[in-house]
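Student: Got structure-v5.pdb for you, PDB, C-alpha atoms:
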ATOM      1  CA  MET A  23      -9.764  12.626  22.053
ATOM      2  CA  GLU A  24      -6.409  13.306  20.426
ATOM      3  CA  LYS A  25      -6.359  12.484  16.728
ATOM      4  CA  LYS A  26      -3.910   9.890  15.449
ATOM      5  CA  TYR A  27      -3.086   9.195  11.819
ATOM      6  CA  LEU A  28      -1.895   6.168   9.909
ATOM      7  CA  THR A  29      -2.010   4.804   6.387
ATOM      8  CA  ILE A  30      -2.765   1.308   5.144
ATOM      9  CA  VAL A  31      -1.452   0.346   1.716
ATOM     10  CA  PHE A  32      -2.965  -2.806   0.216
ATOM     11  CA  ASP A  33      -0.591  -4.919  -1.863
ATOM     12  CA  ASP A  34      -0.987  -7.225  -4.872
ATOM     13  CA  GLY A  35      -4.049  -5.728  -6.571
ATOM     14  CA  PRO A  36      -6.007  -5.163  -8.596
ATOM     15  CA  LEU A  37      -7.893  -8.202  -7.338
ATOM     16  CA  PRO A  38     -11.449  -9.020  -6.278
ATOM     17  CA  TYR A  39     -12.529  -7.169  -3.123
ATOM     18  CA  MET A  40     -10.552  -4.059  -4.059
ATOM     19  CA  CYS A  41     -13.701  -2.062  -4.808
ATOM     20  CA  GLU A  42     -15.418  -3.477  -1.725
ATOM     21  CA  ILE A  43     -12.484  -2.323   0.423
ATOM     22  CA  ILE A  44     -12.769   1.150  -1.097
ATOM     23  CA  ASP A  45     -16.489   1.259  -0.320
ATOM     24  CA  LEU A  46     -15.824   0.177   3.262
ATOM     25  CA  PHE A  47     -13.214   2.907   3.774
ATOM     26  CA  ASN A  48     -15.598   5.462   2.315
ATOM     27  CA  GLN A  49     -18.180   4.557   4.963
ATOM     28  CA  TYR A  50     -15.847   5.969   7.621
ATOM     29  CA  GLY A  51     -14.439   8.878   5.627
ATOM     30  CA  PHE A  52     -11.086   7.093   5.420
ATOM     31  CA  LYS A  53      -8.590   6.746   2.567
ATOM     32  CA  ALA A  54      -5.877   4.199   1.768
ATOM     33  CA  GLY A  55      -3.275   3.287  -0.802
ATOM     34  CA  PHE A  56      -3.148   0.388  -3.244
ATOM     35  CA  ALA A  57       0.218  -1.015  -4.297
ATOM     36  CA  VAL A  58      -0.624  -2.509  -7.667
ATOM     37  CA  MET A  59       1.138  -5.065  -9.835
ATOM     38  CA  GLY A  60       1.405  -4.112 -13.485
ATOM     39  CA  SER A  61       0.749  -7.631 -14.739
ATOM     40  CA  ARG A  62      -2.625  -7.670 -13.000
ATOM     41  CA  ILE A  63      -3.920  -4.592 -14.772
ATOM     42  CA  THR A  64      -5.986  -6.051 -17.617
ATOM     43  CA  PRO A  65      -9.186  -5.084 -19.437
ATOM     44  CA  ASP A  66     -11.037  -7.086 -16.759
ATOM     45  CA  THR A  67      -9.461  -5.192 -13.842
ATOM     46  CA  GLU A  68      -9.014  -1.673 -15.232
ATOM     47  CA  HIS A  69     -12.289  -0.601 -13.620
ATOM     48  CA  MET A  70     -10.773  -1.282 -10.179
ATOM     49  CA  ILE A  71      -7.913   1.122 -10.857
ATOM     50  CA  GLU A  72     -10.329   3.720 -12.172
ATOM     51  CA  TYR A  73     -12.568   3.239  -9.122
ATOM     52  CA  ALA A  74      -9.645   3.847  -6.779
ATOM     53  CA  ILE A  75      -8.604   6.993  -8.616
ATOM     54  CA  ASP A  76     -12.160   8.316  -8.878
ATOM     55  CA  ASN A  77     -12.644   7.837  -5.125
ATOM     56  CA  GLY A  78      -9.432   9.633  -4.196
ATOM     57  CA  PHE A  79      -7.384   6.615  -3.136
ATOM     58  CA  GLN A  80      -3.653   6.598  -3.846
ATOM     59  CA  LEU A  81      -1.914   4.216  -6.226
ATOM     60  CA  VAL A  82       1.536   2.898  -5.354
ATOM     61  CA  GLY A  83       3.900   0.822  -7.468
ATOM     62  CA  HIS A  84       4.441  -2.851  -6.588
ATOM     63  CA  SER A  85       6.525  -4.082  -9.544
ATOM     64  CA  GLN A  86       5.370  -5.643 -12.787
ATOM     65  CA  THR A  87       5.484  -9.362 -11.888
ATOM     66  CA  HIS A  88       6.409  -9.503  -8.154
ATOM     67  CA  PRO A  89       9.902 -11.054  -8.399
ATOM     68  CA  ARG A  90      12.558 -11.136  -5.708
ATOM     69  CA  LEU A  91      14.331  -8.037  -6.954
ATOM     70  CA  GLU A  92      17.645  -8.842  -5.302
ATOM     71  CA  THR A  93      17.964 -12.004  -7.451
ATOM     72  CA  ILE A  94      17.636 -10.365 -10.888
ATOM     73  CA  THR A  95      19.808  -8.082 -13.007
ATOM     74  CA  SER A  96      19.872  -4.336 -12.570
ATOM     75  CA  GLU A  97      18.223  -3.923 -15.961
ATOM     76  CA  ARG A  98      15.324  -6.146 -14.922
ATOM     77  CA  VAL A  99      14.988  -4.368 -11.594
ATOM     78  CA  ILE A 100      14.599  -1.060 -13.411
ATOM     79  CA  ASP A 101      12.078  -2.589 -15.814
ATOM     80  CA  GLU A 102      10.080  -4.210 -12.998
ATOM     81  CA  LEU A 103       9.841  -0.942 -11.090
ATOM     82  CA  THR A 104       9.215   1.466 -13.951
ATOM     83  CA  THR A 105       6.958  -0.513 -16.316
ATOM     84  CA  PRO A 106       3.796  -0.390 -14.154
ATOM     85  CA  ILE A 107       4.421   3.246 -13.241
ATOM     86  CA  ASN A 108       4.760   4.228 -16.888
ATOM     87  CA  ASN A 109       1.768   2.152 -17.968
ATOM     88  CA  ILE A 110      -0.478   3.648 -15.300
ATOM     89  CA  LYS A 111       0.639   7.119 -16.344
ATOM     90  CA  ASN A 112      -0.168   6.368 -19.975
ATOM     91  CA  ARG A 113      -3.451   4.506 -19.403
ATOM     92  CA  PHE A 114      -4.938   6.481 -16.521
ATOM     93  CA  ASN A 115      -3.026   9.785 -16.556
ATOM     94  CA  TYR A 116      -1.979   9.099 -12.962
ATOM     95  CA  ASN A 117       1.475   9.807 -11.511
ATOM     96  CA  ILE A 118       2.954   7.251  -9.095
ATOM     97  CA  THR A 119       5.767   8.498  -6.854
ATOM     98  CA  MET A 120       5.889   5.736  -4.237
ATOM     99  CA  THR A 121       6.589   2.021  -4.352
ATOM    100  CA  ARG A 122       6.441  -0.939  -2.038
ATOM    101  CA  LEU A 123       9.006  -3.545  -3.028
ATOM    102  CA  PRO A 124       7.671  -7.111  -3.372
ATOM    103  CA  ASN A 125       8.024  -8.786   0.040
ATOM    104  CA  LEU A 126      10.213  -5.784   0.981
ATOM    105  CA  CYS A 127      13.098  -7.796  -0.498
ATOM    106  CA  ARG A 128      16.149  -5.753  -1.446
ATOM    107  CA  ASP A 129      19.900  -5.518  -1.358
ATOM    108  CA  ASP A 130      22.228  -2.545  -1.650
ATOM    109  CA  ASN A 131      21.949  -2.564  -5.438
ATOM    110  CA  VAL A 132      18.132  -2.543  -5.423
ATOM    111  CA  LEU A 133      18.094   0.346  -2.946
ATOM    112  CA  LYS A 134      20.645   2.224  -5.052
ATOM    113  CA  ILE A 135      18.425   1.826  -8.128
ATOM    114  CA  CYS A 136      15.364   3.008  -6.176
ATOM    115  CA  LYS A 137      17.295   6.077  -5.085
ATOM    116  CA  GLU A 138      18.362   6.803  -8.652
ATOM    117  CA  LEU A 139      14.734   6.423  -9.787
ATOM    118  CA  LYS A 140      13.686   8.798  -6.973
ATOM    119  CA  LEU A 141      11.223   6.324  -5.517
ATOM    120  CA  VAL A 142       9.864   6.734  -2.002
ATOM    121  CA  LEU A 143       9.711   3.235  -0.513
ATOM    122  CA  LEU A 144       6.828   2.325   1.784
ATOM    123  CA  GLY A 145       7.535  -0.233   4.472
ATOM    124  CA  HIS A 146       5.466  -2.182   6.965
ATOM    125  CA  GLY A 147       5.112  -0.435  10.323
ATOM    126  CA  MET A 148       2.429  -2.646  11.876
ATOM    127  CA  LYS A 149       1.633  -6.340  12.197
ATOM    128  CA  CYS A 150      -1.530  -7.297  10.371
ATOM    129  CA  GLY A 151      -1.985 -11.009  10.985
ATOM    130  CA  SER A 152       0.125 -12.171   8.025
ATOM    131  CA  ASP A 153      -2.934 -11.536   5.899
ATOM    132  CA  TRP A 154      -1.156 -12.536   2.668
ATOM    133  CA  LEU A 155      -1.231 -16.206   3.749
ATOM    134  CA  PRO A 156      -4.073 -18.375   2.412
ATOM    135  CA  ASP A 157      -4.825 -19.681   5.914
ATOM    136  CA  ALA A 158      -4.812 -16.270   7.597
ATOM    137  CA  THR A 159      -7.910 -15.677   9.696
ATOM    138  CA  ALA A 160      -9.949 -12.529  10.105
ATOM    139  CA  GLU A 161      -9.685 -12.944  13.890
ATOM    140  CA  ASN A 162      -5.882 -12.860  13.872
ATOM    141  CA  ILE A 163      -5.792  -9.993  11.382
ATOM    142  CA  ILE A 164      -8.103  -7.990  13.640
ATOM    143  CA  LYS A 165      -6.099  -8.712  16.792
ATOM    144  CA  GLU A 166      -2.639  -7.926  15.401
ATOM    145  CA  THR A 167      -3.779  -4.837  13.519
ATOM    146  CA  LEU A 168      -5.501  -3.321  16.525
ATOM    147  CA  ASP A 169      -2.668  -4.319  18.893
ATOM    148  CA  THR A 170       0.033  -2.668  16.772
ATOM    149  CA  ALA A 171      -1.806   0.364  15.352
ATOM    150  CA  CYS A 172       0.186   3.497  16.158
ATOM    151  CA  ASP A 173       0.381   7.140  15.171
ATOM    152  CA  GLY A 174       2.297   7.716  11.937
ATOM    153  CA  ALA A 175       2.418   4.068  10.882
ATOM    154  CA  VAL A 176       2.663   2.883   7.288
ATOM    155  CA  ALA A 177       0.827  -0.448   7.386
ATOM    156  CA  CYS A 178       0.806  -3.235   4.810
ATOM    157  CA  MET A 179      -2.275  -5.320   4.101
ATOM    158  CA  HIS A 180      -3.417  -7.263   1.069
ATOM    159  CA  VAL A 181      -6.430  -7.366  -1.216
ATOM    160  CA  LYS A 182      -7.934 -10.564   0.208
ATOM    161  CA  GLU A 183     -11.405 -11.668   1.222
ATOM    162  CA  HIS A 184     -10.373 -12.406   4.816
ATOM    163  CA  THR A 185      -8.746  -8.976   5.030
ATOM    164  CA  TYR A 186     -11.944  -7.353   3.817
ATOM    165  CA  GLU A 187     -13.924  -9.241   6.452
ATOM    166  CA  ALA A 188     -11.459  -8.202   9.161
ATOM    167  CA  LEU A 189     -11.689  -4.560   8.118
ATOM    168  CA  LYS A 190     -15.385  -4.559   8.986
ATOM    169  CA  THR A 191     -14.262  -4.743  12.619
ATOM    170  CA  ILE A 192     -10.924  -2.926  12.346
ATOM    171  CA  LEU A 193     -12.098   0.328  10.775
ATOM    172  CA  PRO A 194     -14.861   1.265  13.238
ATOM    173  CA  GLU A 195     -12.640   0.284  16.170
ATOM    174  CA  LEU A 196      -9.734   2.421  14.902
ATOM    175  CA  LYS A 197     -12.133   5.318  14.453
ATOM    176  CA  ALA A 198     -13.405   4.845  18.011
ATOM    177  CA  ARG A 199      -9.790   5.007  19.221
ATOM    178  CA  GLY A 200      -9.247   8.358  17.525
ATOM    179  CA  PHE A 201      -7.432   7.166  14.406
ATOM    180  CA  ILE A 202      -7.924   8.755  11.019
ATOM    181  CA  LEU A 203      -6.785   6.684   8.042
ATOM    182  CA  VAL A 204      -5.363   8.653   5.119
ATOM    183  CA  ASN A 205      -3.457   8.237   1.870
ATOM    184  CA  PRO A 206       0.336   7.943   2.189
ATOM    185  CA  ASP A 207       0.846  11.379   0.610
ATOM    186  CA  GLU A 208      -1.523  12.947   3.113
ATOM    187  CA  LEU A 209       0.153  11.197   6.049
ATOM    188  CA  PHE A 210       3.493  12.759   5.142
ATOM    189  CA  LYS A 211       1.902  16.183   4.773
ATOM    190  CA  ILE A 212       0.126  15.929   8.139
ATOM    191  CA  PHE A 213       3.462  15.225   9.810
ATOM    192  CA  SER A 214       5.165  18.007   7.793
ATOM    193  CA  LYS A 215       7.521  15.549   6.086
ATOM    194  CA  THR A 216       8.281  17.315   2.826
ATOM    195  CA  ASN A 217      11.788  16.147   1.899
ATOM    196  CA  LEU A 218      11.260  12.413   1.799
ATOM    197  CA  PRO A 219      14.286  10.146   1.400
ATOM    198  CA  TYR A 220      14.587   7.986  -1.701
ATOM    199  CA  GLY A 221      15.570   4.332  -1.565
ATOM    200  CA  VAL A 222      14.899   4.007   2.172
ATOM    201  CA  HIS A 223      12.012   2.010   3.620
ATOM    202  CA  ILE A 224       9.615   4.179   5.619
ATOM    203  CA  HIS A 225       7.761   2.179   8.270
ATOM    204  CA  ASN A 226       6.587   5.130  10.356
ATOM    205  CA  VAL A 227       6.772   8.813   9.450
ATOM    206  CA  ASN A 228       7.942   9.639  12.978
ATOM    207  CA  ASN A 229      11.219   7.861  12.170
ATOM    208  CA  ILE A 230      12.108   9.913   9.095
TER
END
Go through the file and emit its structure as structure tokens.
Tutor:
Amino acid sequence: MEKKYLTIVFDDGPLPYMCEIIDLFNQYGFKAGFAVMGSRITPDTEHMIEYAIDNGFQLVGHSQTHPRLETITSERVIDELTTPINNIKNRFNYNITMTRLPNLCRDDNVLKICKELKLVLLGHGMKCGSDWLPDATAENIIKETLDTACDGAVACMHVKEHTYEALKTILPELKARGFILVNPDELFKIFSKTNLPYGVHIHNVNNI
């Protein structure tokens, strides 16, 4: 069976079920990314960040407080994007080079700032059952994720209980279909994408 590769990056952590998601991925020899919010990194959640790092999962920026970046000043945009990256560097000695913008919201100015900050922007190259919604169901998450999974995709999911439950079905099925799930950095390397664009959303590495 031909191997296919994709990456899932989980937004809005650290939150409960983050460590459980990591353990589930480890069962299948898979990796993933976590796009973390700076404001959610507290003494009570630091262990989740450390657990991700210790297990070889990739951290991605996701702003400090999750605002609509296109509605705030340039100075605040810069602060929102750089504060969590700098804090994670200082607290965990971990370098973040990629970001997923909150809700993927942006305008020309936000993208210009991201380019100036040399941030690789991760998009959303699959449908995953709108798993950020409180009334999302594991059944719909499973169906949409499996229906839209494709080679080279950068998928977006969230650190939610119903997502964790859906992954119990999604991960073994993806493995049975020949997919290998990797960190974003590894996905780019596998596809020999070395000169990544800054300030441009990447939904699938085949489209770079």
Student: Work out how far apart atom CA of A:Leu155 and atom CA of A:Val82 are and give it in Å to one decimal.
Tutor: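 Between these atoms lies a distance of 21.3 Å.
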Student: Using atom CA of A:Lys165 and atom CA of A:Asn48 as the two end points, give the distance in Å to one decimal.
Tutor: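 A separation of 22.4 Å between them.
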Student: Any chance you could resolve the PyMOL selection byres ((chain A and resi 129-139) around 6) against this file and give the residues as a PyMOL selection string?
Tutor: chain A and resi 92+128+140-141+220-221
Student: Take the PyMOL selection byres ((chain A and resi 162) around 10), run it mentally on this structure, and tell me the resulting residues as an mmCIF file with C-alpha atoms, in the frame of the given file.
Tutor:
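As written to disk, out08.cif reads:
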data_model
loop_
_atom_site.group_PDB
_atom_site.id
_atom_site.type_symbol
_atom_site.label_atom_id
_atom_site.label_comp_id
_atom_site.auth_asym_id
_atom_site.auth_seq_id
_atom_site.Cartn_x
_atom_site.Cartn_y
_atom_site.Cartn_z
ATOM 1 C CA CYS A 150 -1.530 -7.297 10.371
ATOM 2 C CA GLY A 151 -1.985 -11.009 10.985
ATOM 3 C CA SER A 152 0.125 -12.171 8.025
ATOM 4 C CA ASP A 153 -2.934 -11.536 5.899
ATOM 5 C CA ALA A 158 -4.812 -16.270 7.597
ATOM 6 C CA THR A 159 -7.910 -15.677 9.696
ATOM 7 C CA ALA A 160 -9.949 -12.529 10.105
ATOM 8 C CA GLU A 161 -9.685 -12.944 13.890
ATOM 9 C CA ILE A 163 -5.792 -9.993 11.382
ATOM 10 C CA ILE A 164 -8.103 -7.990 13.640
ATOM 11 C CA LYS A 165 -6.099 -8.712 16.792
ATOM 12 C CA GLU A 166 -2.639 -7.926 15.401
ATOM 13 C CA THR A 167 -3.779 -4.837 13.519
ATOM 14 C CA LEU A 168 -5.501 -3.321 16.525
ATOM 15 C CA ALA A 188 -11.459 -8.202 9.161
#
Student: Assuming the chain letters and numbering stay as they are in my file, what does the PyMOL selection byres ((chain A and resi 38) around 9) actually select? List them as a list of chain:residue names.
Tutor: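 This file, filtered by the PyMOL selection byres ((chain A and resi 38) around 9), leaves A:Gly35, A:Pro36, A:Leu37, A:Tyr39, A:Met40, A:Cys41, A:Glu42, A:Thr67, A:Met70, A:Val181, A:Lys182, A:Glu183.
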Student: Can you list, as number ranges by chain, every protein, DNA or RNA residue that comes within 10 Å of A:Leu218 when you count all atoms listed in the file, leaving out same-chain residues fewer than 6 positions away?
Tutor: A: 140-143, 210, 224, 227, 230
Student: Go through A:Pro124, A:Met59, A:Gln86, A:Leu144 and flag the residue nearest A:Asn205, using all atoms listed in the file for the distances.
Tutor: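 Result for the nearest residue to A:Asn205: A:Leu144.
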Student: Quick one: pull the distance between atom CA of A:Ile43 and atom CA of A:Tyr73, Å, one decimal.
Tutor: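 So the answer is 11.0 Å.
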Student: Which residue, A:Lys190, A:His225, A:Arg113, A:Arg122, has the smallest gap to A:Ile44 when you use only C-alpha atoms?
Tutor: A:Lys190
Student: Give as a PDB file with C-alpha atoms, keeping the file's coordinate frame each residue that has an atom at most 8 Å from (-5.1, 4.7, 13.9) in the file, counting only C-alpha atoms.
Tutor:
ATOM      1  CA  LYS A  26      -3.910   9.890  15.449  1.00  0.00           C
ATOM      2  CA  TYR A  27      -3.086   9.195  11.819  1.00  0.00           C
ATOM      3  CA  LEU A  28      -1.895   6.168   9.909  1.00  0.00           C
ATOM      4  CA  ALA A 171      -1.806   0.364  15.352  1.00  0.00           C
ATOM      5  CA  CYS A 172       0.186   3.497  16.158  1.00  0.00           C
ATOM      6  CA  ASP A 173       0.381   7.140  15.171  1.00  0.00           C
ATOM      7  CA  LEU A 196      -9.734   2.421  14.902  1.00  0.00           C
ATOM      8  CA  LYS A 197     -12.133   5.318  14.453  1.00  0.00           C
ATOM      9  CA  ARG A 199      -9.790   5.007  19.221  1.00  0.00           C
ATOM     10  CA  GLY A 200      -9.247   8.358  17.525  1.00  0.00           C
ATOM     11  CA  PHE A 201      -7.432   7.166  14.406  1.00  0.00           C
ATOM     12  CA  ILE A 202      -7.924   8.755  11.019  1.00  0.00           C
ATOM     13  CA  LEU A 203      -6.785   6.684   8.042  1.00  0.00           C
TER      14      LEU A 203
END
Student: Determine the nearest neighbour of A:Thr119 from the options A:Leu81, A:Asn228, A:Lys215, A:Arg90, counting only C-alpha atoms.
Tutor: A:Leu81
Student: When distances are computed from all atoms listed in the file, which of A:Leu189, A:Ile71, A:Met120, A:Ile30 shows the smallest separation from A:Lys53?
Tutor: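 Checking each candidate against A:Lys53, we get A:Ile30 as the closest.
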Student: Determine the nearest neighbour of A:Ser85 from the options A:Ile118, A:Met23, A:Leu103, A:Ala54, counting all atoms listed in the file.
Tutor: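 Among the listed residues, A:Leu103 lies closest to A:Ser85.
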Student: Name the closest residue to A:Glu195 among the candidates A:Tyr116, A:Phe56, A:Tyr50, A:Phe79; distances are taken between atoms, counting all atoms listed in the file.
Tutor: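 So, comparing all the options, the nearest one is A:Tyr50.
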Student: For stretch 178-181 of chain A, take all atoms listed in the file, fit an axis-aligned box around them, add 3 Å to each of the six sides, then output centre and edge lengths in Å rounded to one decimal, as JSON.
Tutor:
{"center_x": -2.8, "center_y": -5.3, "center_z": 1.8, "size_x": 13.2, "size_y": 10.1, "size_z": 12.0}
Student: Return stretch 170-181 of chain A, completed with all heavy atoms, as a PDB file, in the frame of the given file.
Tutor:
ATOM      1  N   THR A 170      -1.192  -3.361  17.199  1.00  0.00           N
ATOM      2  CA  THR A 170       0.033  -2.668  16.772  1.00  0.00           C
ATOM      3  C   THR A 170      -0.234  -1.326  16.105  1.00  0.00           C
ATOM      4  O   THR A 170       0.715  -0.641  15.703  1.00  0.00           O
ATOM      5  CB  THR A 170       0.851  -3.553  15.810  1.00  0.00           C
ATOM      6  OG1 THR A 170       0.075  -3.833  14.630  1.00  0.00           O
ATOM      7  CG2 THR A 170       1.245  -4.862  16.482  1.00  0.00           C
ATOM      8  N   ALA A 171      -1.493  -0.934  15.962  1.00  0.00           N
ATOM      9  CA  ALA A 171      -1.806   0.364  15.352  1.00  0.00           C
ATOM     10  C   ALA A 171      -1.159   1.487  16.163  1.00  0.00           C
ATOM     11  O   ALA A 171      -1.260   1.517  17.392  1.00  0.00           O
ATOM     12  CB  ALA A 171      -3.314   0.567  15.283  1.00  0.00           C
ATOM     13  N   CYS A 172      -0.489   2.405  15.470  1.00  0.00           N
ATOM     14  CA  CYS A 172       0.186   3.497  16.158  1.00  0.00           C
ATOM     15  C   CYS A 172       0.235   4.727  15.266  1.00  0.00           C
ATOM     16  O   CYS A 172       0.156   4.634  14.032  1.00  0.00           O
ATOM     17  CB  CYS A 172       1.592   3.092  16.593  1.00  0.00           C
ATOM     18  SG  CYS A 172       2.639   2.489  15.255  1.00  0.00           S
ATOM     19  N   ASP A 173       0.378   5.866  15.875  1.00  0.00           N
ATOM     20  CA  ASP A 173       0.381   7.140  15.171  1.00  0.00           C
ATOM     21  C   ASP A 173       1.556   7.203  14.196  1.00  0.00           C
ATOM     22  O   ASP A 173       2.695   6.897  14.556  1.00  0.00           O
ATOM     23  CB  ASP A 173       0.500   8.272  16.194  1.00  0.00           C
ATOM     24  CG  ASP A 173       0.174   9.636  15.605  1.00  0.00           C
ATOM     25  OD1 ASP A 173      -0.696   9.712  14.709  1.00  0.00           O
ATOM     26  OD2 ASP A 173       0.769  10.627  16.065  1.00  0.00           O
ATOM     27  N   GLY A 174       1.261   7.553  12.948  1.00  0.00           N
ATOM     28  CA  GLY A 174       2.297   7.716  11.937  1.00  0.00           C
ATOM     29  C   GLY A 174       2.683   6.469  11.193  1.00  0.00           C
ATOM     30  O   GLY A 174       3.569   6.501  10.332  1.00  0.00           O
ATOM     31  N   ALA A 175       2.024   5.346  11.473  1.00  0.00           N
ATOM     32  CA  ALA A 175       2.418   4.068  10.882  1.00  0.00           C
ATOM     33  C   ALA A 175       2.071   3.993   9.401  1.00  0.00           C
ATOM     34  O   ALA A 175       1.066   4.533   8.943  1.00  0.00           O
ATOM     35  CB  ALA A 175       1.760   2.917  11.617  1.00  0.00           C
ATOM     36  N   VAL A 176       2.932   3.277   8.665  1.00  0.00           N
ATOM     37  CA  VAL A 176       2.663   2.883   7.288  1.00  0.00           C
ATOM     38  C   VAL A 176       2.428   1.379   7.322  1.00  0.00           C
ATOM     39  O   VAL A 176       3.367   0.599   7.464  1.00  0.00           O
ATOM     40  CB  VAL A 176       3.841   3.224   6.358  1.00  0.00           C
ATOM     41  CG1 VAL A 176       3.559   2.754   4.935  1.00  0.00           C
ATOM     42  CG2 VAL A 176       4.142   4.721   6.386  1.00  0.00           C
ATOM     43  N   ALA A 177       1.173   0.965   7.238  1.00  0.00           N
ATOM     44  CA  ALA A 177       0.827  -0.448   7.386  1.00  0.00           C
ATOM     45  C   ALA A 177       0.702  -1.123   6.024  1.00  0.00           C
ATOM     46  O   ALA A 177       0.409  -0.475   5.014  1.00  0.00           O
ATOM     47  CB  ALA A 177      -0.480  -0.601   8.158  1.00  0.00           C
ATOM     48  N   CYS A 178       0.915  -2.431   6.030  1.00  0.00           N
ATOM     49  CA  CYS A 178       0.806  -3.235   4.810  1.00  0.00           C
ATOM     50  C   CYS A 178      -0.263  -4.297   5.011  1.00  0.00           C
ATOM     51  O   CYS A 178      -0.182  -5.117   5.933  1.00  0.00           O
ATOM     52  CB  CYS A 178       2.147  -3.896   4.498  1.00  0.00           C
ATOM     53  SG  CYS A 178       2.098  -5.068   3.118  1.00  0.00           S
ATOM     54  N   MET A 179      -1.274  -4.256   4.144  1.00  0.00           N
ATOM     55  CA  MET A 179      -2.275  -5.320   4.101  1.00  0.00           C
ATOM     56  C   MET A 179      -2.415  -5.757   2.648  1.00  0.00           C
ATOM     57  O   MET A 179      -1.724  -5.232   1.768  1.00  0.00           O
ATOM     58  CB  MET A 179      -3.602  -4.849   4.697  1.00  0.00           C
ATOM     59  CG  MET A 179      -3.499  -4.426   6.161  1.00  0.00           C
ATOM     60  SD  MET A 179      -5.080  -3.960   6.938  1.00  0.00           S
ATOM     61  CE  MET A 179      -5.596  -5.572   7.550  1.00  0.00           C
ATOM     62  N   HIS A 180      -3.289  -6.702   2.408  1.00  0.00           N
ATOM     63  CA  HIS A 180      -3.417  -7.263   1.069  1.00  0.00           C
ATOM     64  C   HIS A 180      -4.877  -7.322   0.642  1.00  0.00           C
ATOM     65  O   HIS A 180      -5.779  -7.358   1.480  1.00  0.00           O
ATOM     66  CB  HIS A 180      -2.786  -8.659   1.017  1.00  0.00           C
ATOM     67  CG  HIS A 180      -1.299  -8.637   1.226  1.00  0.00           C
ATOM     68  ND1 HIS A 180      -0.741  -8.413   2.467  1.00  0.00           N
ATOM     69  CD2 HIS A 180      -0.262  -8.762   0.348  1.00  0.00           C
ATOM     70  CE1 HIS A 180       0.587  -8.419   2.353  1.00  0.00           C
ATOM     71  NE2 HIS A 180       0.893  -8.631   1.086  1.00  0.00           N
ATOM     72  N   VAL A 181      -5.076  -7.328  -0.665  1.00  0.00           N
ATOM     73  CA  VAL A 181      -6.430  -7.366  -1.216  1.00  0.00           C
ATOM     74  C   VAL A 181      -6.905  -8.814  -1.179  1.00  0.00           C
ATOM     75  O   VAL A 181      -6.718  -9.581  -2.129  1.00  0.00           O
ATOM     76  CB  VAL A 181      -6.467  -6.797  -2.653  1.00  0.00           C
ATOM     77  CG1 VAL A 181      -7.899  -6.785  -3.171  1.00  0.00           C
ATOM     78  CG2 VAL A 181      -5.882  -5.390  -2.691  1.00  0.00           C
TER      79      VAL A 181
END
